[in-house]
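S.K.: Sending over a structure as structure tokens; questions will come in a sec.
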Amino acid sequence: MEGTDRHEHGPAPGADARWLSGALALILAFMAGEVAAGLAAHSLALISDAAHMLTDAASIALVLITARLAARPPAGGYTWGLKRTEIMSAQANGITLVLLAIWLGYTAIRRLVTPPPVAGGTVLAVALIGVAVNVAATLLIARAGAVKRDETGGSPRSSGVKAGVHHPEGSGGERGAPRSLNLTGASQHILTDLYAFIATAVAGLIIILTGFVRADAIATLVVVALMLRAGYGLIRDSGRIFLEAAPAGLSPAAVGAAMAARPLVCEVHDLHIWEITSGLPAASAHVLVAPGADCHAVRADLEAFLGREYGITHATLQVDHAHGRPNGTAADVPGIRPAEPHCDDAHGPAYRPGDS
């Protein structure tokens with residue numbers, strides 16, 4: 001290892017707070033006015049947008065709280081600290097999006113059957129203001145994400161084709177530049193609301209021009225579809241981390257084969273790859289090296305390889321000598337093929353040089 005600084009992947013609490021707090025204040029102020037306007041105009045689209053903005057505010061508040069918790073150093077039984085509180089927040093954001101979408105969908109369908117009168121002018125005006133507010137909030141959150149990536153040192157590697165850091169769909173970050181799934185959850189809320197306001201503005205214009213009041217409920221259903229898509233993505237990505245799956249887009253089989261192809265490595269088994277939190281992949285493995293080879297040198301080479309090629313800077317490798325001729329040397333590597341598994345309870349496949 002090159003030093004403890006390479007393991008500091010947690011967010012810097014003060015870096016994001018200013019921008020996120022600004023977005024939170026902007027959203028809360030507009031939400032209060034939108035509720036009043038929605039009630040006055042009898043617009044479900046505006047009220048649904050306001051309800052969604054309430055979840056936007058809650059998601060940003062969760063980001064602020066959990067970022068501070070995740071940045072705390074490990075203590076007691078929490079050997080990784082509280083880093084996964086960010087993932088808990090992201091999953092909560094996804095679940096609230098789905099539940100709110102179900103409720104709004106049900107209400108919108110009822111309004112399609114029996115549409116109430118809707119003040120199109122108010123709907124259009126408030127929706128246009130909402131577009132501006134959400135664009136501003138999106139820029140503030142994007143700035144918070146940029147500050148966070150700067151504080152964490154940016155990309156773990158420059159080329160990126162094998163990067164092991166996963167970026168959920170819609171995160172907006174460059175491949176290889178870790179971004180908090182928690183922050184992505186807040187971004188998804190805001191972006192969904194932006195699209196919702198655009199749909200609501202179109203509905204308001206249609207009502208003004210044609211008097212077709214069902215456009216309000218149709219706009220709400222568009223919002224519902226966007227919310228379900230964003231919510232599902234957050235639940236899926238956070239669920240992968242809770243189930244300790246490998247980062248999306250990273251094949252453990254490819255990593256195992258690449259490790260086995262390194263000099264002096266005879267076999268890799270018990271390979272596990274998972275994410276502690278978004279942007280923090282980890283791995284463990286049992287590695288067999290040629291009799292007479294320097295175990296420490298092979299381990300150092302593999303750790304550097306995993307960090308360089310896959311962004312895995314937290315690797316725990318158990319390295320032992322393979323069974324071979326008693327006085328075997330590194331030159332015997334091509335002929336060393338253990339006749340039987342090295343471990344009785346090995347999990348997963350074994351990877352050896354030359355295996356396809």
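Every chain in the structure tokens has a letter given in the order shown (A, B, ...), and although residue numbers restart at 1 in each chain, ligands are simply numbered from 1 in the order shown.
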Please identify the alpha helix (DSSP H) residues within region 86-298 of chain A (assignment by DSSP from backbone atoms) and present them as a VMD selection string.
M.R.: chain A and resid 86 to 113 120 to 151 181 to 210 214 to 242 252 to 260 295 to 298
S.K.: Would you compute the distance between CA of Gly105 (chain A) and CA of Ala217 (chain A)? Give it in Å to one decimal.
M.R.: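 Taking CA of Gly105 (chain A) as the start and CA of Ala217 (chain A) as the end point, the length is 8.9 Å.
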S.K.: What's around Ser89 (chain A) at 9 Å? Count only C-alpha atoms, leave out sequence neighbours fewer than 6 positions away in its own chain, and write the answer as JSON, numbers by chain.
M.R.: {"A": [59, 62, 63, 66, 181, 182, 185]}
S.K.: For the selection just defined, write its residues with N, CA and C atoms to a file, as a PDB file, in the first residue's frame.
M.R.:
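selection_11.pdb, written as the output of this step:
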ATOM      1  N   SER A  59     -34.910  14.117   0.005  1.00  0.00           N
ATOM      2  CA  SER A  59     -33.730  13.414  -0.502  1.00  0.00           C
ATOM      3  C   SER A  59     -32.460  14.236  -0.296  1.00  0.00           C
ATOM      4  N   LEU A  62     -31.505  14.102   3.308  1.00  0.00           N
ATOM      5  CA  LEU A  62     -30.860  12.820   3.605  1.00  0.00           C
ATOM      6  C   LEU A  62     -29.412  12.808   3.125  1.00  0.00           C
ATOM      7  N   VAL A  63     -29.162  13.420   1.970  1.00  0.00           N
ATOM      8  CA  VAL A  63     -27.785  13.495   1.477  1.00  0.00           C
ATOM      9  C   VAL A  63     -26.911  14.251   2.470  1.00  0.00           C
ATOM     10  N   THR A  66     -26.585  11.954   5.740  1.00  0.00           N
ATOM     11  CA  THR A  66     -25.825  10.709   5.578  1.00  0.00           C
ATOM     12  C   THR A  66     -24.398  10.960   5.102  1.00  0.00           C
ATOM     13  N   LEU A 181     -23.946   7.298  -4.922  1.00  0.00           N
ATOM     14  CA  LEU A 181     -25.273   6.873  -5.338  1.00  0.00           C
ATOM     15  C   LEU A 181     -26.326   7.688  -4.606  1.00  0.00           C
ATOM     16  N   ASN A 182     -26.009   8.099  -3.391  1.00  0.00           N
ATOM     17  CA  ASN A 182     -26.901   8.949  -2.610  1.00  0.00           C
ATOM     18  C   ASN A 182     -27.135  10.278  -3.324  1.00  0.00           C
ATOM     19  N   GLY A 185     -29.220   9.806  -6.291  1.00  0.00           N
ATOM     20  CA  GLY A 185     -30.633   9.717  -5.959  1.00  0.00           C
ATOM     21  C   GLY A 185     -31.282  11.084  -5.892  1.00  0.00           C
TER      22      GLY A 185
END
S.K.: Step one, run DSSP on the backbone; step two, keep only residues of region 178-269 of chain A assigned to strand (DSSP E); then write them as a ChimeraX atom specification.
M.R.: /A:265-269
S.K.: Using the selection just defined, write its residues with N, CA and C atoms as a tab-separated table (two decimals), in the first residue's frame.
M.R.:
chain	number	residue	atom	x	y	z
A	265	VAL	N	1.84	-16.31	-10.88
A	265	VAL	CA	0.57	-16.74	-10.30
A	265	VAL	C	0.16	-18.07	-10.90
A	266	CYS	N	-0.15	-19.04	-10.04
A	266	CYS	CA	-0.56	-20.36	-10.51
A	266	CYS	C	-2.07	-20.55	-10.45
A	267	GLU	N	-2.72	-19.92	-9.47
A	267	GLU	CA	-4.16	-20.10	-9.33
A	267	GLU	C	-4.74	-18.98	-8.47
A	268	VAL	N	-5.97	-18.60	-8.79
A	268	VAL	CA	-6.74	-17.65	-7.99
A	268	VAL	C	-8.09	-18.27	-7.72
A	269	HIS	N	-8.46	-18.40	-6.45
A	269	HIS	CA	-9.80	-18.89	-6.10
A	269	HIS	C	-10.32	-18.10	-4.90
S.K.: Could you tell me how far CA of Val298 (chain A) sits from CA of Leu264 (chain A), in Å to one decimal place?
M.R.: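 Atom-to-atom, CA of Leu264 (chain A) and CA of Val298 (chain A) are spaced 7.1 Å apart.
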S.K.: Tell me which protein, DNA and RNA residues are within 10 Å of region 228-237 of chain A, counting only C-alpha atoms, leaving out same-chain ones fewer than 3 positions away, and put them as a VMD selection string.
M.R.: chain A and resid 87 to 102 166 to 170 181 to 182 184 to 185 187 to 189 191 to 192 223 to 225 240 to 242 245 247 to 248 278
S.K.: Give me a file of those residues, with C-alpha atoms, as an mmCIF file, in the first residue's frame.
M.R.:
data_model
loop_
_atom_site.group_PDB
_atom_site.id
_atom_site.type_symbol
_atom_site.label_atom_id
_atom_site.label_comp_id
_atom_site.auth_asym_id
_atom_site.auth_seq_id
_atom_site.Cartn_x
_atom_site.Cartn_y
_atom_site.Cartn_z
ATOM 1 C CA ILE A 87 -26.861 3.592 0.175
ATOM 2 C CA MET A 88 -29.702 3.350 2.694
ATOM 3 C CA SER A 89 -30.632 6.920 1.772
ATOM 4 C CA ALA A 90 -30.484 6.143 -1.956
ATOM 5 C CA GLN A 91 -32.769 3.138 -1.478
ATOM 6 C CA ALA A 92 -35.189 5.212 0.591
ATOM 7 C CA ASN A 93 -35.276 7.765 -2.235
ATOM 8 C CA GLY A 94 -36.049 5.040 -4.753
ATOM 9 C CA ILE A 95 -38.830 3.535 -2.626
ATOM 10 C CA THR A 96 -40.493 6.903 -1.994
ATOM 11 C CA LEU A 97 -40.431 7.663 -5.719
ATOM 12 C CA VAL A 98 -42.186 4.380 -6.514
ATOM 13 C CA LEU A 99 -44.797 4.722 -3.746
ATOM 14 C CA LEU A 100 -45.573 8.324 -4.651
ATOM 15 C CA ALA A 101 -45.836 7.362 -8.329
ATOM 16 C CA ILE A 102 -48.406 4.664 -7.499
ATOM 17 C CA HIS A 166 -20.001 1.806 -11.237
ATOM 18 C CA HIS A 167 -22.023 4.854 -12.186
ATOM 19 C CA PRO A 168 -25.746 4.411 -12.089
ATOM 20 C CA GLU A 169 -27.641 5.380 -15.176
ATOM 21 C CA GLY A 170 -28.218 9.084 -15.331
ATOM 22 C CA LEU A 181 -25.273 6.873 -5.338
ATOM 23 C CA ASN A 182 -26.901 8.949 -2.610
ATOM 24 C CA THR A 184 -27.334 10.456 -7.708
ATOM 25 C CA GLY A 185 -30.633 9.717 -5.959
ATOM 26 C CA SER A 187 -30.226 14.265 -8.787
ATOM 27 C CA GLN A 188 -32.769 11.763 -10.097
ATOM 28 C CA HIS A 189 -35.465 13.389 -7.976
ATOM 29 C CA LEU A 191 -34.310 15.790 -12.954
ATOM 30 C CA THR A 192 -37.584 13.874 -12.818
ATOM 31 C CA VAL A 223 -44.618 12.270 -14.367
ATOM 32 C CA VAL A 224 -45.599 8.898 -12.883
ATOM 33 C CA ALA A 225 -43.738 7.018 -15.634
ATOM 34 C CA ARG A 240 -26.819 -4.625 -5.713
ATOM 35 C CA ILE A 241 -24.621 -2.992 -3.088
ATOM 36 C CA PHE A 242 -26.630 -4.405 -0.173
ATOM 37 C CA ALA A 245 -22.770 -7.966 -5.927
ATOM 38 C CA PRO A 247 -20.027 -3.425 -9.452
ATOM 39 C CA ALA A 248 -22.239 -3.332 -12.539
ATOM 40 C CA SER A 278 -20.846 3.643 -4.328
#
S.K.: Tell me which of A:Ala297, A:Ala32, A:Val135, A:Gly120 sits closest to Ala201 (chain A), counting only C-alpha atoms.
M.R.: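 Checking each of A:Ala297, A:Ala32, A:Val135, A:Gly120 against Ala201 (chain A), counting only C-alpha atoms, the winner is A:Gly120.
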S.K.: I'd like the contact shell of Ala40 (chain A) - 9 Å cut-off, only C-alpha atoms, skipping same-chain residues fewer than 4 positions apart - returned as a list in words.
M.R.: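 After dropping sequence-adjacent residues, the list is Val35, Ala36, Ala119 and Thr122 of chain A.
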S.K.: Got time to write the residues from that selection, C-alpha atoms, as a PDB file, in the first residue's frame?
M.R.:
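Output file selection_2.pdb follows:
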ATOM      1  CA  VAL A  35     -49.124  24.005  -3.232  1.00  0.00           C
ATOM      2  CA  ALA A  36     -51.152  27.207  -2.900  1.00  0.00           C
ATOM      3  CA  ALA A 119     -57.109  26.924 -14.561  1.00  0.00           C
ATOM      4  CA  THR A 122     -52.058  29.276 -13.570  1.00  0.00           C
TER       5      THR A 122
END
S.K.: Can you tell me, as an MDAnalysis selection string, what residues are no more than 12 Å from Thr107 (chain A) when counting only C-alpha atoms, ignoring any on the same chain fewer than 3 positions away?
M.R.: chainID A and resid 43:45 47:48 100:104 110:115 216:218 220:221 224
S.K.: Point out the residue among A:Ala293, A:Val133, A:Met31, A:Ala257 with the least atom-to-atom distance to Ala57 (chain A), counting only C-alpha atoms.
M.R.: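 Among the listed residues, the smallest separation from Ala57 (chain A) belongs to A:Met31.
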S.K.: Please report as CSV every residue of region 229-300 of chain A lying within 8 Å of region 320-324 of chain A, along with the nearest atom pair and their distance in Å (one decimal), using only C-alpha atoms.
M.R.:
residue,atom,partner,partner_atom,distance
A:Cys266,CA,A:Ala322,CA,6.9
A:Glu267,CA,A:Ala322,CA,8.0
A:His286,CA,A:Asp320,CA,7.8
A:Val287,CA,A:Asp320,CA,6.4
A:Leu288,CA,A:Asp320,CA,5.0
A:Val289,CA,A:His321,CA,4.8
A:Ala290,CA,A:Ala322,CA,5.7
A:Pro291,CA,A:His321,CA,5.3
A:Gly292,CA,A:His321,CA,7.6
A:Ala293,CA,A:His321,CA,7.7
A:Cys295,CA,A:Asp320,CA,6.9
S.K.: Any idea what's packed within 9 Å of His272 (chain A), counting only C-alpha atoms, ignoring anything in its chain fewer than 3 positions away? Could you give it as a PyMOL selection string?
M.R.: chain A and resi 245-246+252+269+282-285+347-348
S.K.: Which residue, A:Ala51, A:Ala23, A:Ile207, A:Ala125, has the smallest gap to Ala144 (chain A) when you use only C-alpha atoms?
M.R.: A:Ala23
S.K.: Find the distance between CA of Leu24 (chain A) and CA of Gly279 (chain A) and write it in Å to one decimal.
M.R.: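 It comes out at 24.5 Å.
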